Amino acid sequence: LRPPTAYALVAYSWKLRGAMFTFILCVMMIPGIVTSIGMYQFMYRIHLTNNLLSLILPAVYAPSVVFFFRQFMLASLPLELLDSARIDGSKEFYTFNHIAMPIMKPAMATQGIFTFVYTWNNLFMPSILLTKDNMKTMPIMVAMLKGDIYKREHGAIYLGLTLTVLPLFIVYFSL
């Protein structure tokens, strides 16, 4: 949903385009911790607490990703190319999928890495939304390994950190 939104902000001239971009910037400036109570109440009402979908769905609609895609398209997507495709009779869906999306591949890979790293390392929202022990994420498990003041298992902590970093390396090198 993010690349089509950014494409609409770049490729089309419509009346509320500036207002929509301003709204996206305003939503982007609200810290996530401010909306955490409302997010918990919303996830509780739709029965998604103790469910991993409660961590995935908010990451899908990130306004910062729309901002990044828009800025990337402004710099790398020539509007003349889109105009020439329209003149040649290309439909908008075909133009988006076969002209804009291939140009967007580096930005999508970059945002894929950023979104995965942010979601994987998130400690605050999973600790609120996931209360069952079998639903804990890796960063929560590593934080629980800390122990008390007098005794720390450094070997277990380092092993947990190593296991936490491995998926990040796999995603980074595959993208």
# chains A, B, ... in the order shown; residues from 1 in each chain; ligands from 1

call {"tool": "residues_around", "arguments": {"residues": "Thr5 of chain A", "least_positions_apart": "2", "cutoff": "12 Å", "atoms": "only C-alpha atoms", "output": "list in words"}}
result
Leu1, Arg2, Pro3, Tyr7, Ala8, Leu9, Val10, Ala11, Tyr12, Arg17, Met20, Phe21, Ile24, Tyr61, Ala62, Pro63, Ser64, Val65, Val66, Phe67, Phe68, Phe69, Arg70, Met73 and Phe96 of chain A

call {"tool": "residues_around", "arguments": {"residues": "segment 141-155 of chain A", "least_positions_apart": "4", "cutoff": "12 Å", "atoms": "only C-alpha atoms", "output": "list in words"}}
result
Asn121, Asn122, Leu123, Phe124, Pro126, Ser127, Leu130, Asp133, Asn134, Met135, Lys136, Thr137, Leu159, Gly160, Leu161, Thr162, Leu163, Thr164 and Val165 of chain A

call {"tool": "atom_distance", "arguments": {"atom1": "atom CA of Leu52 of chain A", "atom2": "atom CA of Pro4 of chain A"}}
result
25.7 Å

call {"tool": "residues_around", "arguments": {"residues": "Ser54 of chain A", "least_positions_apart": "6", "cutoff": "10 Å", "atoms": "only C-alpha atoms", "output": "PyMOL selection string"}}
result
chain A and resi 39-40+42-44+46-48+125-126+129-130

call {"tool": "residues_around", "arguments": {"residues": "Ile103 of chain A", "least_positions_apart": "4", "cutoff": "12 Å", "atoms": "only C-alpha atoms", "output": "JSON, numbers by chain"}}
result
{"A": [3, 7, 69, 72, 73, 74, 75, 76, 77, 78, 81, 82, 95, 96, 97, 98, 99, 107, 108, 109]}

call {"tool": "select_by_dssp", "arguments": {"residues": "segment 1-167 of chain A", "states": "helix (DSSP H, G or I)", "output": "compact mmCIF listing (two decimals) with N, CA, C and O atoms, in the first residue's frame"}}
result
# COMPACT_ATOMS: atom_id res chain seq x y z
N ARG A 2 2.08 1.15 0.39
CA ARG A 2 2.91 2.35 0.49
C ARG A 2 3.41 2.84 -0.86
O ARG A 2 3.34 4.04 -1.11
N PRO A 3 3.92 1.96 -1.76
CA PRO A 3 4.34 2.49 -3.07
C PRO A 3 3.21 3.11 -3.87
O PRO A 3 3.41 4.17 -4.48
N PRO A 4 1.99 2.54 -3.91
CA PRO A 4 0.92 3.22 -4.65
C PRO A 4 0.55 4.58 -4.06
O PRO A 4 0.23 5.51 -4.81
N THR A 5 0.61 4.72 -2.75
CA THR A 5 0.31 6.01 -2.13
C THR A 5 1.36 7.04 -2.54
O THR A 5 1.02 8.17 -2.90
N ALA A 6 2.62 6.66 -2.48
CA ALA A 6 3.69 7.58 -2.90
C ALA A 6 3.59 7.89 -4.39
O ALA A 6 3.83 9.02 -4.81
N TYR A 7 3.24 6.89 -5.19
CA TYR A 7 3.07 7.10 -6.64
C TYR A 7 1.95 8.10 -6.90
O TYR A 7 2.08 8.98 -7.76
N ALA A 8 0.85 8.00 -6.15
CA ALA A 8 -0.25 8.95 -6.32
C ALA A 8 0.17 10.36 -5.92
O ALA A 8 -0.29 11.34 -6.52
N LEU A 9 1.05 10.47 -4.94
CA LEU A 9 1.51 11.80 -4.52
C LEU A 9 2.48 12.42 -5.52
O LEU A 9 2.64 13.64 -5.55
N VAL A 10 3.14 11.59 -6.32
CA VAL A 10 4.13 12.10 -7.27
C VAL A 10 3.57 12.22 -8.68
O VAL A 10 3.75 13.23 -9.34
N ALA A 11 2.88 11.20 -9.15
CA ALA A 11 2.53 11.10 -10.56
C ALA A 11 1.28 11.88 -10.95
O ALA A 11 1.10 12.18 -12.12
N ARG A 17 -3.46 17.16 -2.96
CA ARG A 17 -2.20 16.44 -2.89
C ARG A 17 -1.28 17.02 -1.81
O ARG A 17 -0.70 16.29 -1.01
N GLY A 18 -1.16 18.33 -1.75
CA GLY A 18 -0.33 18.96 -0.72
C GLY A 18 -0.87 18.74 0.68
O GLY A 18 -0.12 18.51 1.62
N ALA A 19 -2.20 18.79 0.82
CA ALA A 19 -2.80 18.57 2.13
C ALA A 19 -2.60 17.12 2.58
O ALA A 19 -2.35 16.86 3.76
N MET A 20 -2.69 16.18 1.64
CA MET A 20 -2.49 14.78 2.00
C MET A 20 -1.04 14.54 2.43
O MET A 20 -0.79 13.82 3.39
N PHE A 21 -0.09 15.15 1.70
CA PHE A 21 1.32 14.99 2.08
C PHE A 21 1.58 15.64 3.45
O PHE A 21 2.30 15.08 4.27
N THR A 22 0.96 16.78 3.72
CA THR A 22 1.10 17.43 5.03
C THR A 22 0.51 16.55 6.13
O THR A 22 1.08 16.43 7.22
N PHE A 23 -0.63 15.92 5.85
CA PHE A 23 -1.23 15.01 6.82
C PHE A 23 -0.31 13.83 7.12
O PHE A 23 -0.15 13.43 8.28
N ILE A 24 0.31 13.27 6.08
CA ILE A 24 1.24 12.16 6.27
C ILE A 24 2.43 12.60 7.12
O ILE A 24 2.88 11.88 8.02
N LEU A 25 2.94 13.81 6.88
CA LEU A 25 4.05 14.32 7.69
C LEU A 25 3.62 14.54 9.14
O LEU A 25 4.39 14.26 10.07
N CYS A 26 2.40 15.03 9.35
CA CYS A 26 1.93 15.24 10.72
C CYS A 26 1.78 13.92 11.46
O CYS A 26 2.13 13.83 12.64
N VAL A 27 1.25 12.91 10.80
CA VAL A 27 1.13 11.59 11.43
C VAL A 27 2.51 11.02 11.73
O VAL A 27 2.72 10.37 12.76
N MET A 28 3.46 11.28 10.85
CA MET A 28 4.82 10.77 11.03
C MET A 28 5.50 11.40 12.25
O MET A 28 6.35 10.78 12.88
N SER A 36 0.50 4.48 22.23
CA SER A 36 0.56 3.08 22.69
C SER A 36 -0.68 2.65 23.46
O SER A 36 -1.12 1.51 23.31
N ILE A 37 -1.25 3.52 24.26
CA ILE A 37 -2.46 3.15 25.01
C ILE A 37 -3.62 2.93 24.05
O ILE A 37 -4.36 1.95 24.15
N GLY A 38 -3.77 3.84 23.10
CA GLY A 38 -4.82 3.68 22.10
C GLY A 38 -4.60 2.45 21.24
O GLY A 38 -5.56 1.75 20.89
N MET A 39 -3.35 2.16 20.92
CA MET A 39 -3.04 0.97 20.13
C MET A 39 -3.40 -0.30 20.90
O MET A 39 -3.97 -1.24 20.35
N TYR A 40 -3.06 -0.31 22.19
CA TYR A 40 -3.41 -1.48 23.01
C TYR A 40 -4.92 -1.65 23.09
O TYR A 40 -5.43 -2.77 22.96
N GLN A 41 -5.64 -0.57 23.33
CA GLN A 41 -7.10 -0.67 23.42
C GLN A 41 -7.70 -1.15 22.11
O GLN A 41 -8.63 -1.97 22.11
N PHE A 42 -7.18 -0.65 21.00
CA PHE A 42 -7.68 -1.08 19.69
C PHE A 42 -7.40 -2.56 19.45
O PHE A 42 -8.28 -3.32 19.03
N MET A 43 -6.19 -3.00 19.74
CA MET A 43 -5.85 -4.41 19.54
C MET A 43 -6.64 -5.31 20.50
O MET A 43 -7.00 -6.43 20.13
N TYR A 44 -6.92 -4.82 21.69
CA TYR A 44 -7.72 -5.60 22.63
C TYR A 44 -9.15 -5.76 22.14
O TYR A 44 -9.74 -6.83 22.23
N ARG A 45 -9.72 -4.69 21.59
CA ARG A 45 -11.10 -4.74 21.10
C ARG A 45 -11.27 -5.64 19.88
O ARG A 45 -12.33 -6.22 19.70
N LEU A 53 0.03 -10.88 14.73
CA LEU A 53 -0.53 -9.91 13.77
C LEU A 53 -0.59 -8.51 14.36
O LEU A 53 -0.54 -7.52 13.62
N SER A 54 -0.68 -8.41 15.68
CA SER A 54 -0.72 -7.09 16.31
C SER A 54 0.61 -6.36 16.16
O SER A 54 0.66 -5.14 16.33
N LEU A 55 1.68 -7.07 15.85
CA LEU A 55 2.97 -6.44 15.61
C LEU A 55 3.20 -6.18 14.13
O LEU A 55 3.94 -5.27 13.75
N ILE A 56 2.60 -6.98 13.27
CA ILE A 56 2.82 -6.88 11.83
C ILE A 56 1.96 -5.79 11.22
O ILE A 56 2.44 -4.99 10.40
N LEU A 57 0.69 -5.73 11.57
CA LEU A 57 -0.24 -4.80 10.93
C LEU A 57 0.15 -3.32 11.09
O LEU A 57 0.07 -2.57 10.12
N PRO A 58 0.57 -2.84 12.27
CA PRO A 58 0.98 -1.43 12.34
C PRO A 58 2.21 -1.10 11.49
O PRO A 58 2.36 0.02 11.02
N ALA A 59 3.08 -2.08 11.26
CA ALA A 59 4.27 -1.82 10.45
C ALA A 59 3.93 -1.67 8.97
O ALA A 59 4.70 -1.08 8.21
N VAL A 60 2.79 -2.19 8.55
CA VAL A 60 2.40 -2.12 7.15
C VAL A 60 2.03 -0.69 6.74
O VAL A 60 2.28 -0.27 5.62
N PRO A 63 3.80 5.82 7.96
CA PRO A 63 3.85 7.02 7.11
C PRO A 63 5.27 7.41 6.72
O PRO A 63 5.47 8.04 5.68
N SER A 64 6.26 7.03 7.51
CA SER A 64 7.64 7.37 7.16
C SER A 64 8.08 6.64 5.89
O SER A 64 8.90 7.15 5.12
N VAL A 65 7.53 5.46 5.65
CA VAL A 65 7.86 4.71 4.44
C VAL A 65 7.26 5.39 3.22
O VAL A 65 7.89 5.46 2.17
N VAL A 66 6.03 5.90 3.36
CA VAL A 66 5.41 6.65 2.25
C VAL A 66 6.25 7.89 1.94
O VAL A 66 6.49 8.21 0.78
N PHE A 67 6.71 8.57 2.99
CA PHE A 67 7.57 9.74 2.79
C PHE A 67 8.86 9.35 2.06
O PHE A 67 9.27 10.03 1.12
N PHE A 68 9.48 8.26 2.47
CA PHE A 68 10.72 7.82 1.83
C PHE A 68 10.49 7.48 0.36
O PHE A 68 11.26 7.88 -0.51
N PHE A 69 9.41 6.73 0.07
CA PHE A 69 9.11 6.38 -1.32
C PHE A 69 8.81 7.61 -2.16
O PHE A 69 9.21 7.69 -3.31
N ARG A 70 8.11 8.56 -1.59
CA ARG A 70 7.81 9.80 -2.33
C ARG A 70 9.09 10.54 -2.68
O ARG A 70 9.28 10.98 -3.80
N GLN A 71 9.97 10.67 -1.70
CA GLN A 71 11.21 11.38 -1.96
C GLN A 71 12.06 10.63 -2.99
O GLN A 71 12.71 11.24 -3.83
N PHE A 72 12.07 9.32 -2.92
CA PHE A 72 12.82 8.53 -3.90
C PHE A 72 12.25 8.70 -5.29
O PHE A 72 12.99 8.85 -6.26
N MET A 73 10.92 8.69 -5.41
CA MET A 73 10.29 8.85 -6.72
C MET A 73 10.52 10.24 -7.29
O MET A 73 10.69 10.39 -8.50
N LEU A 74 10.50 11.26 -6.44
CA LEU A 74 10.76 12.61 -6.94
C LEU A 74 12.15 12.72 -7.55
O LEU A 74 12.35 13.45 -8.53
N ALA A 75 13.10 12.00 -6.98
CA ALA A 75 14.47 12.08 -7.46
C ALA A 75 14.76 11.15 -8.63
O ALA A 75 15.60 11.46 -9.48
N SER A 76 14.08 10.01 -8.72
CA SER A 76 14.51 9.01 -9.70
C SER A 76 13.46 8.63 -10.74
O SER A 76 13.79 7.95 -11.70
N LEU A 79 8.85 12.10 -14.69
CA LEU A 79 7.44 12.18 -15.03
C LEU A 79 7.20 12.14 -16.53
O LEU A 79 6.13 11.76 -16.98
N GLU A 80 8.22 12.53 -17.32
CA GLU A 80 8.10 12.45 -18.78
C GLU A 80 7.96 11.01 -19.24
O GLU A 80 7.29 10.72 -20.23
N LEU A 81 8.59 10.08 -18.52
CA LEU A 81 8.48 8.67 -18.85
C LEU A 81 7.04 8.18 -18.63
O LEU A 81 6.50 7.43 -19.45
N LEU A 82 6.43 8.64 -17.57
CA LEU A 82 5.03 8.29 -17.32
C LEU A 82 4.11 8.91 -18.35
O LEU A 82 3.16 8.27 -18.83
N ASP A 83 4.39 10.17 -18.71
CA ASP A 83 3.58 10.83 -19.74
C ASP A 83 3.70 10.14 -21.09
O ASP A 83 2.71 9.98 -21.80
N SER A 84 4.91 9.72 -21.44
CA SER A 84 5.08 9.03 -22.72
C SER A 84 4.38 7.67 -22.71
O SER A 84 3.84 7.24 -23.74
N ALA A 85 4.35 7.00 -21.58
CA ALA A 85 3.63 5.73 -21.49
C ALA A 85 2.13 5.96 -21.64
O ALA A 85 1.44 5.18 -22.31
N ARG A 86 1.63 7.04 -21.06
CA ARG A 86 0.21 7.36 -21.21
C ARG A 86 -0.13 7.72 -22.64
O ARG A 86 -1.19 7.33 -23.15
N ILE A 87 0.75 8.45 -23.30
CA ILE A 87 0.52 8.81 -24.71
C ILE A 87 0.52 7.57 -25.58
O ILE A 87 -0.28 7.46 -26.53
N GLU A 92 -3.02 2.92 -16.44
CA GLU A 92 -2.32 3.37 -15.23
C GLU A 92 -1.77 2.21 -14.41
O GLU A 92 -0.67 2.29 -13.88
N PHE A 93 -2.53 1.13 -14.31
CA PHE A 93 -2.06 -0.03 -13.55
C PHE A 93 -0.81 -0.63 -14.21
O PHE A 93 0.14 -1.00 -13.53
N TYR A 94 -0.81 -0.72 -15.53
CA TYR A 94 0.34 -1.25 -16.26
C TYR A 94 1.54 -0.30 -16.11
O TYR A 94 2.67 -0.75 -15.92
N THR A 95 1.29 0.99 -16.20
CA THR A 95 2.37 1.97 -16.05
C THR A 95 3.00 1.88 -14.67
O THR A 95 4.23 1.91 -14.54
N PHE A 96 2.17 1.74 -13.66
CA PHE A 96 2.70 1.63 -12.30
C PHE A 96 3.51 0.35 -12.13
O PHE A 96 4.62 0.38 -11.60
N ASN A 97 2.97 -0.78 -12.58
CA ASN A 97 3.63 -2.07 -12.36
C ASN A 97 4.85 -2.29 -13.23
O ASN A 97 5.80 -2.97 -12.80
N HIS A 98 4.88 -1.77 -14.45
CA HIS A 98 5.97 -2.08 -15.37
C HIS A 98 6.97 -0.94 -15.58
O HIS A 98 8.03 -1.17 -16.17
N ILE A 99 6.64 0.24 -15.12
CA ILE A 99 7.59 1.36 -15.26
C ILE A 99 8.04 1.87 -13.89
O ILE A 99 9.24 1.96 -13.61
N ALA A 100 7.09 2.19 -13.02
CA ALA A 100 7.45 2.78 -11.72
C ALA A 100 8.02 1.75 -10.75
O ALA A 100 9.01 2.03 -10.08
N MET A 101 7.40 0.59 -10.68
CA MET A 101 7.87 -0.41 -9.70
C MET A 101 9.29 -0.91 -9.96
O MET A 101 10.05 -1.07 -9.01
N PRO A 102 9.71 -1.18 -11.21
CA PRO A 102 11.11 -1.56 -11.39
C PRO A 102 12.10 -0.48 -10.97
O PRO A 102 13.19 -0.78 -10.48
N ILE A 103 11.73 0.77 -11.14
CA ILE A 103 12.59 1.87 -10.69
C ILE A 103 12.63 1.92 -9.17
O ILE A 103 13.63 2.32 -8.57
N LYS A 105 12.67 -0.61 -7.05
CA LYS A 105 13.24 -1.79 -6.40
C LYS A 105 14.31 -1.47 -5.35
O LYS A 105 14.31 -2.05 -4.26
N PRO A 106 15.25 -0.56 -5.61
CA PRO A 106 16.23 -0.24 -4.55
C PRO A 106 15.58 0.36 -3.30
O PRO A 106 15.96 0.04 -2.17
N ALA A 107 14.58 1.21 -3.50
CA ALA A 107 13.90 1.81 -2.35
C ALA A 107 13.10 0.77 -1.59
O ALA A 107 13.05 0.79 -0.35
N MET A 108 12.48 -0.17 -2.29
CA MET A 108 11.72 -1.22 -1.61
C MET A 108 12.65 -2.14 -0.82
O MET A 108 12.31 -2.56 0.30
N ALA A 109 13.82 -2.45 -1.37
CA ALA A 109 14.77 -3.28 -0.62
C ALA A 109 15.27 -2.54 0.61
O ALA A 109 15.37 -3.13 1.70
N THR A 110 15.55 -1.27 0.47
CA THR A 110 16.01 -0.47 1.61
C THR A 110 14.95 -0.40 2.69
O THR A 110 15.24 -0.61 3.88
N GLN A 111 13.73 -0.12 2.30
CA GLN A 111 12.66 -0.04 3.29
C GLN A 111 12.32 -1.41 3.88
O GLN A 111 11.89 -1.50 5.02
N GLY A 112 12.50 -2.46 3.08
CA GLY A 112 12.32 -3.80 3.63
C GLY A 112 13.29 -4.07 4.75
O GLY A 112 12.92 -4.62 5.80
N ILE A 113 14.54 -3.68 4.54
CA ILE A 113 15.56 -3.86 5.59
C ILE A 113 15.23 -3.00 6.80
O ILE A 113 15.24 -3.47 7.95
N PHE A 114 14.92 -1.73 6.58
CA PHE A 114 14.62 -0.82 7.70
C PHE A 114 13.41 -1.29 8.50
O PHE A 114 13.43 -1.30 9.73
N THR A 115 12.34 -1.69 7.81
CA THR A 115 11.12 -2.11 8.49
C THR A 115 11.35 -3.40 9.27
O THR A 115 10.89 -3.54 10.41
N PHE A 116 12.07 -4.33 8.66
CA PHE A 116 12.33 -5.58 9.37
C PHE A 116 13.19 -5.34 10.61
O PHE A 116 12.90 -5.88 11.68
N VAL A 117 14.24 -4.54 10.48
CA VAL A 117 15.12 -4.28 11.63
C VAL A 117 14.34 -3.56 12.73
O VAL A 117 14.45 -3.92 13.92
N TYR A 118 13.53 -2.57 12.37
CA TYR A 118 12.76 -1.84 13.38
C TYR A 118 11.76 -2.77 14.07
O TYR A 118 11.63 -2.75 15.29
N THR A 119 11.05 -3.56 13.28
CA THR A 119 10.03 -4.44 13.85
C THR A 119 10.67 -5.55 14.68
O THR A 119 10.17 -5.92 15.74
N TRP A 120 11.78 -6.08 14.20
CA TRP A 120 12.45 -7.17 14.91
C TRP A 120 13.02 -6.70 16.24
O TRP A 120 12.96 -7.41 17.24
N ASN A 121 13.57 -5.50 16.27
CA ASN A 121 14.21 -4.98 17.48
C ASN A 121 13.26 -4.26 18.42
O ASN A 121 13.68 -3.80 19.48
N PHE A 124 9.20 -2.31 23.04
CA PHE A 124 8.13 -1.68 23.81
C PHE A 124 6.76 -2.26 23.49
O PHE A 124 6.07 -2.75 24.38
N MET A 125 6.33 -2.19 22.24
CA MET A 125 4.99 -2.66 21.89
C MET A 125 4.81 -4.17 22.08
O MET A 125 3.76 -4.59 22.58
N PRO A 126 5.79 -5.01 21.72
CA PRO A 126 5.59 -6.43 22.02
C PRO A 126 5.47 -6.73 23.51
O PRO A 126 4.73 -7.63 23.90
N SER A 127 6.17 -5.97 24.33
CA SER A 127 6.07 -6.22 25.78
C SER A 127 4.70 -5.81 26.31
O SER A 127 4.26 -6.33 27.35
N ILE A 128 4.01 -4.93 25.62
CA ILE A 128 2.66 -4.54 26.02
C ILE A 128 1.62 -5.49 25.44
O ILE A 128 0.71 -5.93 26.13
N LEU A 129 1.76 -5.81 24.16
CA LEU A 129 0.73 -6.58 23.45
C LEU A 129 0.83 -8.09 23.66
O LEU A 129 -0.16 -8.80 23.53
N ASP A 133 3.90 -16.25 27.74
CA ASP A 133 5.33 -16.58 27.65
C ASP A 133 5.70 -17.21 26.31
O ASP A 133 6.80 -17.01 25.81
N ASN A 134 4.80 -17.94 25.69
CA ASN A 134 5.13 -18.58 24.41
C ASN A 134 5.05 -17.61 23.24
O ASN A 134 5.40 -17.97 22.12
N MET A 135 4.62 -16.37 23.46
CA MET A 135 4.51 -15.37 22.40
C MET A 135 5.62 -14.31 22.47
O MET A 135 5.63 -13.40 21.67
N MET A 138 12.23 -12.26 20.51
CA MET A 138 13.63 -12.44 20.89
C MET A 138 14.17 -11.28 21.73
O MET A 138 14.87 -11.52 22.72
N PRO A 139 13.93 -10.01 21.39
CA PRO A 139 14.43 -8.94 22.25
C PRO A 139 13.86 -8.99 23.68
O PRO A 139 14.57 -8.68 24.63
N ILE A 140 12.61 -9.41 23.83
CA ILE A 140 12.05 -9.54 25.17
C ILE A 140 12.74 -10.68 25.92
O ILE A 140 13.06 -10.55 27.11
N MET A 141 12.99 -11.77 25.22
CA MET A 141 13.66 -12.91 25.86
C MET A 141 15.08 -12.53 26.31
O MET A 141 15.52 -12.91 27.39
N VAL A 142 15.79 -11.77 25.47
CA VAL A 142 17.15 -11.34 25.85
C VAL A 142 17.08 -10.39 27.03
O VAL A 142 17.92 -10.45 27.93
N ALA A 143 16.08 -9.50 27.05
CA ALA A 143 15.94 -8.58 28.18
C ALA A 143 15.62 -9.35 29.47
O ALA A 143 16.03 -8.94 30.56
N MET A 144 14.90 -10.45 29.36
CA MET A 144 14.59 -11.25 30.54
C MET A 144 15.80 -12.03 31.04
O MET A 144 15.83 -12.44 32.20
N HIS A 154 26.28 -14.11 31.59
CA HIS A 154 26.77 -13.42 30.40
C HIS A 154 26.80 -14.33 29.18
O HIS A 154 26.54 -13.88 28.07
N GLY A 155 27.09 -15.59 29.38
CA GLY A 155 27.10 -16.52 28.26
C GLY A 155 25.72 -16.65 27.62
O GLY A 155 25.57 -16.64 26.40
N ALA A 156 24.68 -16.74 28.44
CA ALA A 156 23.31 -16.84 27.93
C ALA A 156 22.89 -15.54 27.24
O ALA A 156 22.21 -15.56 26.21
N ILE A 157 23.30 -14.41 27.80
CA ILE A 157 22.97 -13.12 27.19
C ILE A 157 23.63 -13.00 25.82
O ILE A 157 23.00 -12.60 24.84
N TYR A 158 24.91 -13.36 25.73
CA TYR A 158 25.62 -13.26 24.45
C TYR A 158 25.06 -14.24 23.43
O TYR A 158 24.98 -13.93 22.24
N LEU A 159 24.67 -15.42 23.86
CA LEU A 159 24.05 -16.37 22.95
C LEU A 159 22.71 -15.84 22.46
O LEU A 159 22.39 -15.94 21.27
N GLY A 160 21.93 -15.26 23.35
CA GLY A 160 20.65 -14.67 22.95
C GLY A 160 20.83 -13.53 21.98
O GLY A 160 20.08 -13.40 21.00
N LEU A 161 21.84 -12.68 22.21
CA LEU A 161 22.11 -11.58 21.28
C LEU A 161 22.56 -12.10 19.92
O LEU A 161 22.17 -11.56 18.87
N THR A 162 23.36 -13.15 19.91
CA THR A 162 23.80 -13.74 18.65
C THR A 162 22.62 -14.31 17.88
O THR A 162 22.50 -14.10 16.66
N LEU A 163 21.74 -15.02 18.56
CA LEU A 163 20.55 -15.57 17.90
C LEU A 163 19.60 -14.47 17.43
O LEU A 163 18.88 -14.65 16.46
N THR A 164 19.60 -13.35 18.14
CA THR A 164 18.75 -12.24 17.73
C THR A 164 19.28 -11.56 16.48
O THR A 164 18.52 -11.09 15.64
N VAL A 165 20.59 -11.52 16.31
CA VAL A 165 21.20 -10.82 15.19
C VAL A 165 21.19 -11.66 13.91
O VAL A 165 21.17 -11.10 12.81
N LEU A 166 21.16 -12.97 14.02
CA LEU A 166 21.23 -13.83 12.83
C LEU A 166 20.14 -13.55 11.80
O LEU A 166 20.44 -13.42 10.60
N PRO A 167 18.86 -13.43 12.18
CA PRO A 167 17.85 -13.11 11.16
C PRO A 167 18.07 -11.75 10.49
O PRO A 167 17.76 -11.57 9.31

call {"tool": "closest_residue", "arguments": {"among": "A:Leu175, A:Lys132, A:Val34, A:Phe169", "to": "Thr49 of chain A", "atoms": "only C-alpha atoms"}}
result
A:Lys132

call {"tool": "atom_distance", "arguments": {"atom1": "atom CA of Gly32 of chain A", "atom2": "atom CA of Tyr172 of chain A"}}
result
24.8 Å
